[in-house]
Amino acid sequence: MENLKTSGYAPVNGINMYYEIHGEGAIPLVLLHGGGSTIEVTFANILPIFSRYNRVIAVELQAHGRTSDRNSPESFEQDADDVAALLKFLKVDKANFLGFSNGGTTSLQIAIRHPEIVNKIIDVTGAYQREGFLPGFFDGFEGATIASMPAPLKEAFLKVTPDNNKLLNMFNKDVERMKNFKDIPDDYIRGIKAPALIIVGSQDVMPVEHARKLSHMITGAQLAVLPGLHGSCLGEVTAKPSKQPEATAILVQEFLNE
């Protein structure tokens with residue numbers, strides 16, 4: 001990925017969190033990947049576009065990619081606290097946050113738990129309730145094995161951390177988090193004051209109706225329904241190659257520039 005300025009590890013809340021900084025800009029755009037993913041899996045195709053106009057801070061969350069694990073389950077709340085601690089380490093007072101899928105749910109938790117560091121949030125198909133997934137979605141996690149994990153995600157993890165035990169650990173923790181997915185209380189969502197853009201695919205794992213409901217609960221939030229499957233709009237590694245990331249980047253940049 002072009003425009004890489006620096007990368008490193010930050011000691012936050014008992015883990016070593018991997019981060020990369022690309023591009024230049026006053027208020028950074030923090031990118032939060034999806035479950036089972038690395039920075040490259042979710043953002044390789046769109047990060048270079050974002051970094052033309054922003055300082056971009058891309059991170060890998062607990063047990064994912066190059067970031068270490070802790071002896072406790074993954075949670076969206078803990079991920080939010082880890083990202084806040086990372087920004088403190090990097091001496092960043094305020095940022096924009098774009099999260100995809102599980103990273104989108106984490107972006108909501110950052111806005112709830114750490115509103116003082118949030119300028120704007122972009123939630124790309126990050127649900128806040130169990131009903132925010134297609135019917136039957138959670139059934140797939142019962143008895144799930146590493147064999148069911150998409151090959152591109154496995155390959156991407158092992159490319160940056162060549163350790164099958166760590167891959168299995170991440171998979172198991174991701175599965176447990178989703179099996180135990182807890183709704184975020186409506187009052188917490190209504191309490192979000194940051195400007196928000198909610199993005200969902202027309203054939204996504206999040207029903208469009210849930211995205212619309214979420215956008216109505218956050219005062220002044222905008223909603224964009226884009227064509228395609230889960231991750232298509234970002235050019236995520238399992239998505240079909242297209243020009244969509246360029247269109248999404250324009251949409252996001254206009255929102256950030258408002």
# chains A, B, ... in the order shown; residues from 1 in each chain; ligands from 1
>>> closest_atom_pairs(of="range 72-190 of chain A", to="range 14-32 of chain A", cutoff="7 Å", atoms="only C-alpha atoms", output="JSON lines")
{"residue": "A:Lys94", "atom": "CA", "partner": "A:Ile27", "partner_atom": "CA", "distance": 6.6}
{"residue": "A:Ala95", "atom": "CA", "partner": "A:Pro28", "partner_atom": "CA", "distance": 5.1}
{"residue": "A:Asn96", "atom": "CA", "partner": "A:Leu29", "partner_atom": "CA", "distance": 4.7}
{"residue": "A:Phe97", "atom": "CA", "partner": "A:Val30", "partner_atom": "CA", "distance": 4.7}
{"residue": "A:Leu98", "atom": "CA", "partner": "A:Leu31", "partner_atom": "CA", "distance": 5.1}
{"residue": "A:Gly99", "atom": "CA", "partner": "A:Leu32", "partner_atom": "CA", "distance": 4.4}
{"residue": "A:Phe100", "atom": "CA", "partner": "A:Leu32", "partner_atom": "CA", "distance": 6.3}
{"residue": "A:Gly103", "atom": "CA", "partner": "A:Leu32", "partner_atom": "CA", "distance": 4.7}
>>> write_last_selection(atoms="C-alpha atoms", output="short mmCIF file (atom, residue, chain, number, x, y, z; two decimals), in the first residue's frame")
data_model
loop_
_atom_site.label_atom_id
_atom_site.label_comp_id
_atom_site.auth_asym_id
_atom_site.auth_seq_id
_atom_site.Cartn_x
_atom_site.Cartn_y
_atom_site.Cartn_z
CA LYS A 94 -9.38 13.78 17.96
CA ALA A 95 -9.97 11.55 14.95
CA ASN A 96 -12.48 10.31 12.40
CA PHE A 97 -13.27 6.59 12.56
CA LEU A 98 -14.26 4.25 9.75
CA GLY A 99 -15.09 0.70 10.78
CA PHE A 100 -16.18 -2.22 8.64
CA GLY A 103 -15.01 -2.72 13.14
#
>>> closest_atom_pairs(of="range 107-155 of chain A", to="range 39-60 of chain A", cutoff="12 Å", atoms="only C-alpha atoms", output="tab-separated table")
residue	atom	partner	partner_atom	distance
A:Val124	CA	A:Thr42	CA	11.2
A:Pro150	CA	A:Val41	CA	11.3
A:Ala151	CA	A:Val41	CA	11.4
A:Pro152	CA	A:Val41	CA	7.9
A:Leu153	CA	A:Val41	CA	6.8
A:Lys154	CA	A:Val41	CA	10.0
A:Glu155	CA	A:Val41	CA	9.7
>>> select_by_dssp(residues="range 5-102 of chain A", states="helix (DSSP H, G or I)", output="VMD selection string")
chain A and resid 39 to 43 47 to 50 76 to 89 102
>>> closest_residue(among="A:Ser37, A:Asn102, A:Ser68, A:Gln109", to="Gly126 in chain A", atoms="only C-alpha atoms")
A:Asn102
>>> atom_distance(atom1="CA of Asn180 in chain A", atom2="CA of Asn165 in chain A")
22.6 Å
>>> select_by_dssp(residues="range 49-173 of chain A", states="strand (DSSP E)", output="list in words")
Val56, Ile57, Ala58, Val59, Ala95, Asn96, Phe97, Leu98, Gly99, Phe100, Val118, Asn119, Lys120, Ile121, Ile122, Asp123 and Val124 of chain A
